[in-house]
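input_23.cif follows (mmCIF, C-alpha atoms):
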```cif
data_coords
loop_
_atom_site.label_atom_id
_atom_site.label_comp_id
_atom_site.auth_asym_id
_atom_site.auth_seq_id
_atom_site.Cartn_x
_atom_site.Cartn_y
_atom_site.Cartn_z
CA MET A 223 83.72 77.69 126.92
CA ASN A 224 83.25 73.94 127.33
CA LEU A 225 80.34 72.38 129.15
CA TYR A 226 80.23 69.03 130.89
CA ALA A 227 76.82 67.48 130.11
CA TYR A 228 75.01 65.30 132.67
CA CYS A 229 71.51 64.72 131.32
CA LEU A 230 68.50 66.06 129.45
CA SER A 231 64.99 66.63 130.73
CA ASP A 232 61.83 68.46 129.71
CA ASP A 233 60.54 68.47 133.27
CA VAL A 234 63.38 69.51 135.59
CA ALA A 235 62.65 72.36 137.97
CA ALA A 236 64.76 75.49 137.78
CA GLY A 237 67.27 75.45 140.61
CA ALA A 238 66.90 71.71 141.16
CA VAL A 239 70.60 70.97 140.73
CA GLU A 240 72.41 74.17 141.62
CA ASP A 241 73.31 73.08 145.15
CA VAL A 242 74.83 69.74 144.03
CA ALA A 243 78.59 69.46 143.56
CA GLY A 244 79.24 68.46 139.97
CA VAL A 245 82.31 67.10 138.20
CA ALA A 246 85.47 68.90 139.36
CA GLY A 247 83.38 70.67 142.00
CA ALA A 248 81.55 72.83 139.45
CA SER A 249 77.95 73.92 140.05
CA PRO A 250 75.46 72.44 137.59
CA ARG A 251 72.95 74.66 135.81
CA LEU A 252 70.33 74.34 133.13
CA VAL A 253 70.67 75.29 129.48
CA GLU A 254 67.25 75.42 127.84
CA ARG A 255 66.79 74.93 124.14
CA ALA A 256 63.93 73.70 121.99
CA GLY A 257 61.81 72.85 125.02
CA ILE A 258 64.51 70.63 126.52
CA SER A 259 66.77 71.44 129.45
CA ALA A 260 70.34 70.21 129.45
CA VAL A 261 71.96 69.90 132.86
CA VAL A 262 75.57 71.06 132.46
CA SER A 263 78.47 72.58 134.36
CA GLU A 264 81.41 74.58 133.12
CA CYS A 265 84.69 72.78 132.53
CA GLY A 266 88.07 73.36 130.97
CA ASP A 267 89.74 71.76 127.97
CA GLU A 268 91.36 68.90 129.83
CA LYS A 269 90.08 65.33 129.64
CA ILE A 270 87.94 64.08 132.47
CA ALA A 271 89.71 61.32 134.38
CA VAL A 272 87.77 58.19 135.24
CA THR A 273 88.09 58.53 138.99
CA ARG A 274 85.72 57.52 141.76
CA GLU A 275 85.22 61.20 142.62
CA ASN A 276 84.34 62.25 139.06
CA VAL A 277 82.10 59.27 138.37
CA MET A 278 80.22 59.79 141.61
CA ALA A 279 79.84 63.52 140.88
CA HIS A 280 78.31 62.70 137.49
CA GLU A 281 75.96 60.16 139.03
CA ARG A 282 75.08 62.47 141.94
CA VAL A 283 73.87 65.22 139.61
CA VAL A 284 71.86 62.83 137.42
CA ARG A 285 70.32 61.24 140.51
CA ARG A 286 69.24 64.64 141.80
CA VAL A 287 67.25 65.11 138.59
CA LEU A 288 65.98 61.51 138.82
CA ALA A 289 64.52 62.31 142.24
CA GLY A 290 61.99 64.61 140.57
CA THR A 291 61.60 63.28 137.04
CA THR A 292 63.18 60.79 134.65
CA PRO A 293 66.00 62.33 132.59
CA LEU A 294 68.00 61.01 129.64
CA PRO A 295 71.51 60.66 131.10
CA PHE A 296 74.59 61.43 129.06
CA ARG A 297 77.46 58.98 129.08
CA PHE A 298 80.24 59.95 131.50
CA GLY A 299 82.77 62.33 129.96
CA THR A 300 80.53 64.18 127.52
CA ILE A 301 82.05 67.61 126.96
CA VAL A 302 80.62 70.01 124.40
CA THR A 303 80.70 73.67 123.53
CA GLU A 304 77.48 75.56 124.18
CA ALA A 305 77.07 76.03 120.39
CA ARG A 306 77.50 72.28 119.75
CA LEU A 307 74.99 71.44 122.46
CA ALA A 308 72.47 73.91 121.00
CA SER A 309 72.98 72.40 117.54
CA TYR A 310 72.50 68.88 118.93
CA LEU A 311 69.27 69.83 120.73
CA ASP A 312 67.92 71.65 117.67
CA SER A 313 68.70 68.82 115.27
CA ARG A 314 67.47 66.02 117.56
CA GLN A 315 64.54 67.82 119.17
CA GLY A 316 61.89 65.39 117.91
CA THR A 317 63.70 62.17 118.73
CA LEU A 318 64.87 63.44 122.10
CA LYS A 319 61.34 64.44 123.11
CA ALA A 320 60.04 61.05 121.96
CA GLN A 321 62.75 59.33 124.00
CA LEU A 322 61.95 61.43 127.07
CA GLU A 323 58.33 60.38 126.68
CA ARG A 324 59.42 56.74 126.39
CA VAL A 325 61.19 56.78 129.78
CA ARG A 326 58.80 59.14 131.56
CA GLY A 327 57.75 57.90 134.98
CA ALA A 328 60.13 54.94 134.83
CA ILE A 329 63.53 53.91 136.20
CA GLU A 330 66.08 51.32 135.15
CA MET A 331 66.75 48.11 137.08
CA SER A 332 69.74 45.90 136.39
CA VAL A 333 69.94 42.10 136.64
CA LYS A 334 73.16 40.20 136.04
CA VAL A 335 73.16 36.40 136.12
CA ILE A 336 76.48 34.81 137.00
CA TRP A 337 77.99 31.53 135.82
CA LYS A 338 78.68 28.99 138.49
CA PRO A 339 82.36 28.00 138.58
CA VAL A 340 81.66 24.48 137.29
CA GLU A 341 80.02 25.96 134.18
CA ARG A 342 82.60 28.64 133.56
CA GLY A 343 85.17 26.12 132.31
CA GLY A 344 83.12 25.74 129.18
CA GLY A 345 83.60 22.12 128.32
CA GLU A 346 85.12 18.82 129.07
CA ASP A 347 88.16 18.24 131.18
CA GLU A 348 91.24 19.15 129.17
CA THR A 349 92.92 15.89 130.10
CA ALA A 350 89.95 13.68 129.32
CA GLY A 351 90.00 11.68 126.16
CA GLU A 352 93.67 12.26 125.43
CA VAL A 353 94.61 10.33 122.36
CA ALA A 354 97.78 9.51 120.67
CA GLY A 355 98.71 12.01 118.04
CA GLY A 356 100.87 14.93 117.15
CA SER A 357 100.56 18.46 118.40
CA GLY A 358 98.31 19.38 115.43
CA THR A 359 95.79 16.67 116.37
CA LYS A 360 95.83 17.72 120.00
CA PHE A 361 95.32 21.35 119.00
CA LEU A 362 92.31 20.48 116.83
CA LEU A 363 90.78 18.34 119.58
CA LYS A 364 91.25 21.15 122.07
CA LYS A 365 89.61 23.66 119.70
CA ARG A 366 86.71 21.25 119.15
CA ARG A 367 86.16 20.93 122.89
CA GLU A 368 86.24 24.73 123.25
CA LEU A 369 83.72 25.19 120.44
CA LEU A 370 81.36 22.60 121.93
CA GLY A 371 81.69 24.28 125.30
CA GLU A 372 80.98 27.69 123.83
CA SER A 373 77.92 26.35 122.02
CA ALA A 374 76.54 24.85 125.23
CA ARG A 375 77.18 28.09 127.13
CA ARG A 376 75.37 30.06 124.44
CA GLU A 377 72.35 27.74 124.59
CA ARG A 378 72.32 28.02 128.36
CA ALA A 379 72.46 31.82 128.19
CA GLU A 380 69.59 31.88 125.69
CA GLU A 381 67.50 29.61 127.92
CA VAL A 382 68.13 31.79 130.98
CA GLY A 383 67.38 34.93 128.95
CA GLY A 384 64.03 33.53 127.82
CA TRP A 385 63.15 32.42 131.33
CA LEU A 386 63.99 35.83 132.84
CA ALA A 387 61.97 37.65 130.18
CA ARG A 388 58.90 35.51 131.01
CA ALA A 389 59.44 36.00 134.75
CA VAL A 390 59.25 39.80 134.55
CA GLU A 391 56.78 40.03 131.68
CA GLY A 392 54.02 42.47 132.54
CA PHE A 393 56.20 44.25 135.08
CA VAL A 394 58.62 45.97 132.68
CA ARG A 395 58.00 48.56 130.03
CA GLU A 396 61.08 47.62 128.01
CA SER A 397 64.09 45.33 128.29
CA ARG A 398 67.64 45.28 126.98
CA VAL A 399 69.42 41.95 127.32
CA GLU A 400 73.02 41.15 126.50
CA LEU A 401 73.91 37.46 126.50
CA GLN A 402 77.37 36.51 127.79
CA PRO A 403 78.66 40.08 128.04
CA SER A 404 81.77 38.88 129.84
CA GLU A 405 83.49 35.68 130.87
CA ASN A 406 81.71 35.54 134.23
CA LEU A 407 78.22 36.54 133.22
CA ILE A 408 75.43 34.50 131.65
CA LEU A 409 73.56 37.68 130.83
CA ALA A 410 73.13 41.31 131.75
CA ALA A 411 69.56 42.60 131.57
CA SER A 412 68.31 46.15 131.95
CA HIS A 413 64.63 46.60 132.70
CA LEU A 414 62.71 49.84 132.31
CA VAL A 415 60.20 49.74 135.16
CA GLU A 416 57.41 52.17 135.95
CA ARG A 417 58.04 53.75 139.33
CA ALA A 418 54.56 52.85 140.51
CA ARG A 419 55.19 49.18 139.67
CA LEU A 420 58.64 48.88 141.22
CA ALA A 421 57.41 46.89 144.22
CA ASP A 422 55.55 44.47 141.93
CA TYR A 423 58.64 44.11 139.74
CA ARG A 424 60.86 43.40 142.75
CA ALA A 425 58.37 40.82 144.02
CA ALA A 426 58.25 39.11 140.61
CA LEU A 427 62.03 39.04 140.42
CA GLY A 428 62.22 37.69 143.95
CA ARG A 429 59.85 34.85 143.05
CA ALA A 430 61.87 34.15 139.93
CA LYS A 431 65.10 33.88 141.90
CA MET A 432 63.48 31.30 144.15
CA GLU A 433 62.63 29.21 141.08
CA ARG A 434 66.24 28.95 140.01
CA PRO A 435 68.45 28.31 143.04
CA GLU A 436 71.17 27.01 140.73
CA LEU A 437 71.67 30.52 139.32
CA GLN A 438 73.35 33.45 141.01
CA PHE A 439 72.07 36.97 140.60
CA LEU A 440 73.45 40.45 140.97
CA THR A 441 70.61 42.95 141.05
CA SER A 442 70.92 46.70 141.33
CA GLY A 443 68.82 49.81 140.93
CA ALA A 444 67.06 52.07 140.70
CA TRP A 445 69.19 53.69 137.97
CA PRO A 446 68.61 56.59 135.63
CA PRO A 447 67.69 54.98 132.29
CA TYR A 448 71.27 54.79 130.94
CA SER A 449 70.38 51.74 128.83
CA PHE A 450 67.32 53.35 127.24
CA THR A 451 68.75 56.47 125.67
CA SER A 452 69.06 55.38 122.06
CA VAL A 453 67.80 58.11 119.74
CA GLY A 454 68.82 56.46 116.48
CA PRO A 455 71.36 57.55 113.89
CA MET B 269 79.83 41.08 163.01
CA ALA B 270 82.11 38.37 161.64
CA ASP B 271 85.18 39.29 159.62
CA GLU B 272 83.77 37.57 156.56
CA GLU B 273 80.68 39.78 156.70
CA LEU B 274 82.80 42.91 156.96
CA GLU B 275 84.76 41.81 153.93
CA LEU B 276 81.58 41.15 152.02
CA LEU B 277 80.25 44.60 152.85
CA GLY B 278 83.49 46.05 151.50
CA GLU B 279 83.09 44.10 148.30
CA GLU B 280 79.47 45.17 148.04
CA SER B 281 80.60 48.78 148.26
CA GLU B 282 83.14 48.22 145.49
CA LEU B 283 80.47 46.35 143.58
CA SER B 284 78.22 49.37 143.83
CA LEU B 285 81.00 51.52 142.33
CA LEU B 286 81.62 49.02 139.54
CA GLU B 287 77.93 48.79 138.74
CA THR B 288 77.91 52.58 138.56
CA LEU B 289 80.91 52.49 136.22
CA ASP B 290 79.20 49.87 134.08
CA HIS B 291 76.26 52.23 133.65
CA VAL B 292 77.95 55.61 133.26
CA LEU B 293 80.85 54.48 131.04
CA ASN B 294 79.09 51.94 128.83
CA ARG B 295 75.68 53.50 128.38
CA GLY B 296 73.93 56.83 128.11
CA LEU B 297 73.39 59.48 125.48
CA VAL B 298 76.32 60.18 123.23
CA ILE B 299 76.83 63.28 121.13
CA ALA B 300 78.93 62.04 118.23
CA GLY B 301 82.59 62.73 118.79
CA GLU B 302 82.08 64.46 122.13
CA ILE B 303 83.21 61.91 124.69
CA THR B 304 86.39 63.21 126.28
CA ILE B 305 87.74 61.03 129.03
CA ALA B 306 91.08 59.74 130.13
CA VAL B 307 90.76 56.14 128.98
CA ALA B 308 93.81 54.56 130.57
CA ASP B 309 91.83 53.11 133.47
CA ILE B 310 88.93 51.63 131.57
CA ASP B 311 90.39 48.20 130.82
CA LEU B 312 91.38 47.87 134.45
CA ILE B 313 87.85 48.74 135.52
CA PHE B 314 86.32 45.98 133.46
CA ILE B 315 88.94 43.47 134.47
CA GLY B 316 88.04 44.57 138.00
CA LEU B 317 84.38 43.87 137.39
CA ASN B 318 85.15 40.33 136.27
CA VAL B 319 87.39 39.65 139.25
CA LEU B 320 84.93 41.21 141.66
CA VAL B 321 81.99 39.22 140.36
CA SER B 322 84.03 36.10 141.04
CA SER B 323 84.93 37.17 144.55
CA VAL B 324 81.38 38.21 145.43
CA GLU B 325 80.15 34.91 144.05
CA THR B 326 82.57 33.08 146.34
CA ALA B 327 81.55 35.18 149.34
CA HIS B 328 77.88 34.51 148.64
CA GLU B 329 78.55 30.78 148.53
CA VAL B 330 80.30 30.94 151.89
CA LEU B 331 77.36 32.80 153.44
CA ARG B 332 74.85 30.45 151.85
CA GLU B 333 76.67 27.41 153.18
CA ARG B 334 76.59 29.01 156.62
CA GLY B 335 72.83 29.58 156.25
CA GLU B 336 73.21 33.35 156.39
CA PRO B 337 71.32 35.80 154.18
CA VAL B 338 73.02 36.83 150.98
CA ALA B 339 73.07 40.57 150.39
CA SER B 340 71.86 42.01 147.13
CA GLU B 341 72.57 45.38 145.60
CA GLU B 342 68.93 46.50 145.71
#
```
What is this structure when it is put down as structure tokens?
Amino acid sequence: MNLYAYCLSDDVAAGAVEDVAGVAGASPRLVERAGISAVVSECGDEKIAVTRENVMAHERVVRRVLAGTTPLPFRFGTIVTEARLASYLDSRQGTLKAQLERVRGAIEMSVKVIWKPVERGGGEDETAGEVAGGSGTKFLLKKRRELLGESARRERAEEVGGWLARAVEGFVRESRVELQPSENLILAASHLVERARLADYRAALGRAKMERPELQFLTSGAWPPYSFTSVGP
Amino acid sequence: MADEELELLGEESELSLLETLDHVLNRGLVIAGEITIAVADIDLIFIGLNVLVSSVETAHEVLRERGEPVASEE
């Protein structure tokens, strides 16, 4: 039998998730092994489609656990046999318990900083500085402009990343920052914040936003600590 | 409520879904070789995130120019 895996916890109460509708409408339950509980539900052999309904079901179950304690969430679509899950928990018991300790009492907050349209172009006007020359010369000039633009964007992202790290220093337990994760974003930061300090963190971030009116922010949370689940090789 | 605000709320709702997708599809514990999902939609989702960020950005600018509060996901 296959199991759909939602999250791991060493502190989830028995019966905490049984009344929540899981992926494909299945009822979640706990599988305990090596002092760790895996929240799972039964599923068939078919692949799990990335649909709004399935994604929300996954998140709903993990959030139910998050309401009582901080779990280690599995990535969406994790399907294992019970034997494979038991083997995983046995072989990773130490690192998983250390990771659960690392996120205990905390939640994840997300900050995305967005490029302004004028900066997104990444360089000089394509028509500026046109010079006489063949298509090869024009191509090289265009590439040069693109490289200069990319370099400037990278420097800008690094500056914003450093500034944001200083702004929330003392309010976050850990941070994960990805510079320029997509065309529209300067950076995407994930902050592990102690629940008791969430109000202080939000206030610090609010003050920071006021300092930089030229930047645009997309903030969300609280999340289960999806970005803080690394347990090494 | 003005039409623009209704549209923005709609986008915020979609944004909430896309932020959820960003977390549940990109991050989280992985048991080697055990992710089993139908992947056909994933590229579209991330293209969607890029487009949506642009549209929310535009909506925020409109609200800011009108002196109205800009919603956040918190």
Which polymer residues have any atom within 9 Å of an atom of A:Val242, counting all atoms listed in the file, with same-chain residues fewer than 6 positions away left out, as a PDB file with C-alpha atoms, in the frame of the given file?
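To be explicit, this is the file written out as selection_23.pdb:
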```
ATOM      1  CA  ALA A 248      81.550  72.830 139.450  1.00  0.00           C
ATOM      2  CA  SER A 249      77.950  73.920 140.050  1.00  0.00           C
ATOM      3  CA  PRO A 250      75.460  72.440 137.590  1.00  0.00           C
ATOM      4  CA  ALA A 279      79.840  63.520 140.880  1.00  0.00           C
ATOM      5  CA  ARG A 282      75.080  62.470 141.940  1.00  0.00           C
ATOM      6  CA  VAL A 283      73.870  65.220 139.610  1.00  0.00           C
ATOM      7  CA  ARG A 286      69.240  64.640 141.800  1.00  0.00           C
TER       8      ARG A 286
END
```
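The closest residue to chain B, picked from A:Ala246, A:Val382, A:Val415, A:Leu230 and counting all atoms listed in the file, is A:Leu230.
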Correct to one decimal, the distance atom CA of A:Arg417-atom CA of A:Ile329 is 6.3 Å
Spatial neighbours of B:Asn294, 9 Å, only C-alpha atoms, chain gap at least 3 places, as a VMD selection string
(chain A and resid 297 to 298 448 to 449) or (chain B and resid 289 to 291)
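Atom CA of A:Pro447 to atom CA of A:Met432 spans 26.8 Å [interatomic distance, one decimal].
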So, counting only C-alpha atoms, which residue among A:Gly392, A:Gly358, A:Pro295, A:Glu400 is closest to A:Leu420?
A:Gly392
Apply the PyMOL selection byres ((chain A) within 8 of (chain B)) to the structure shown and report the selected residues as a PDB file with C-alpha atoms, in the coordinates of the input.
```pdb
ATOM      1  CA  LYS A 269      90.080  65.330 129.640  1.00  0.00           C
ATOM      2  CA  ILE A 270      87.940  64.080 132.470  1.00  0.00           C
ATOM      3  CA  ALA A 271      89.710  61.320 134.380  1.00  0.00           C
ATOM      4  CA  VAL A 272      87.770  58.190 135.240  1.00  0.00           C
ATOM      5  CA  ARG A 274      85.720  57.520 141.760  1.00  0.00           C
ATOM      6  CA  VAL A 277      82.100  59.270 138.370  1.00  0.00           C
ATOM      7  CA  GLU A 281      75.960  60.160 139.030  1.00  0.00           C
ATOM      8  CA  LEU A 294      68.000  61.010 129.640  1.00  0.00           C
ATOM      9  CA  PRO A 295      71.510  60.660 131.100  1.00  0.00           C
ATOM     10  CA  PHE A 296      74.590  61.430 129.060  1.00  0.00           C
ATOM     11  CA  ARG A 297      77.460  58.980 129.080  1.00  0.00           C
ATOM     12  CA  PHE A 298      80.240  59.950 131.500  1.00  0.00           C
ATOM     13  CA  GLY A 299      82.770  62.330 129.960  1.00  0.00           C
ATOM     14  CA  THR A 300      80.530  64.180 127.520  1.00  0.00           C
ATOM     15  CA  ILE A 301      82.050  67.610 126.960  1.00  0.00           C
ATOM     16  CA  VAL A 302      80.620  70.010 124.400  1.00  0.00           C
ATOM     17  CA  TYR A 310      72.500  68.880 118.930  1.00  0.00           C
ATOM     18  CA  ILE A 336      76.480  34.810 137.000  1.00  0.00           C
ATOM     19  CA  SER A 404      81.770  38.880 129.840  1.00  0.00           C
ATOM     20  CA  GLU A 405      83.490  35.680 130.870  1.00  0.00           C
ATOM     21  CA  ASN A 406      81.710  35.540 134.230  1.00  0.00           C
ATOM     22  CA  GLN A 438      73.350  33.450 141.010  1.00  0.00           C
ATOM     23  CA  LEU A 440      73.450  40.450 140.970  1.00  0.00           C
ATOM     24  CA  THR A 441      70.610  42.950 141.050  1.00  0.00           C
ATOM     25  CA  SER A 442      70.920  46.700 141.330  1.00  0.00           C
ATOM     26  CA  GLY A 443      68.820  49.810 140.930  1.00  0.00           C
ATOM     27  CA  ALA A 444      67.060  52.070 140.700  1.00  0.00           C
ATOM     28  CA  PRO A 447      67.690  54.980 132.290  1.00  0.00           C
ATOM     29  CA  TYR A 448      71.270  54.790 130.940  1.00  0.00           C
ATOM     30  CA  SER A 449      70.380  51.740 128.830  1.00  0.00           C
ATOM     31  CA  PHE A 450      67.320  53.350 127.240  1.00  0.00           C
ATOM     32  CA  THR A 451      68.750  56.470 125.670  1.00  0.00           C
ATOM     33  CA  SER A 452      69.060  55.380 122.060  1.00  0.00           C
TER      34      SER A 452
END
```
I need the output of the PyMOL selection byres ((chain A and resi 327) around 9) for this file as a PDB file with C-alpha atoms, in the frame of the given file; which residues are they?
```pdb
ATOM      1  CA  THR A 291      61.600  63.280 137.040  1.00  0.00           C
ATOM      2  CA  THR A 292      63.180  60.790 134.650  1.00  0.00           C
ATOM      3  CA  GLU A 323      58.330  60.380 126.680  1.00  0.00           C
ATOM      4  CA  ARG A 324      59.420  56.740 126.390  1.00  0.00           C
ATOM      5  CA  VAL A 325      61.190  56.780 129.780  1.00  0.00           C
ATOM      6  CA  ARG A 326      58.800  59.140 131.560  1.00  0.00           C
ATOM      7  CA  ALA A 328      60.130  54.940 134.830  1.00  0.00           C
ATOM      8  CA  ILE A 329      63.530  53.910 136.200  1.00  0.00           C
ATOM      9  CA  VAL A 415      60.200  49.740 135.160  1.00  0.00           C
ATOM     10  CA  GLU A 416      57.410  52.170 135.950  1.00  0.00           C
ATOM     11  CA  ARG A 417      58.040  53.750 139.330  1.00  0.00           C
ATOM     12  CA  ALA A 418      54.560  52.850 140.510  1.00  0.00           C
TER      13      ALA A 418
END
```
Could you tell me which of A:Met278, A:Val287, A:Leu322, A:Ala238 comes closest to A:Gly257 if we count all atoms listed in the file?
A:Leu322
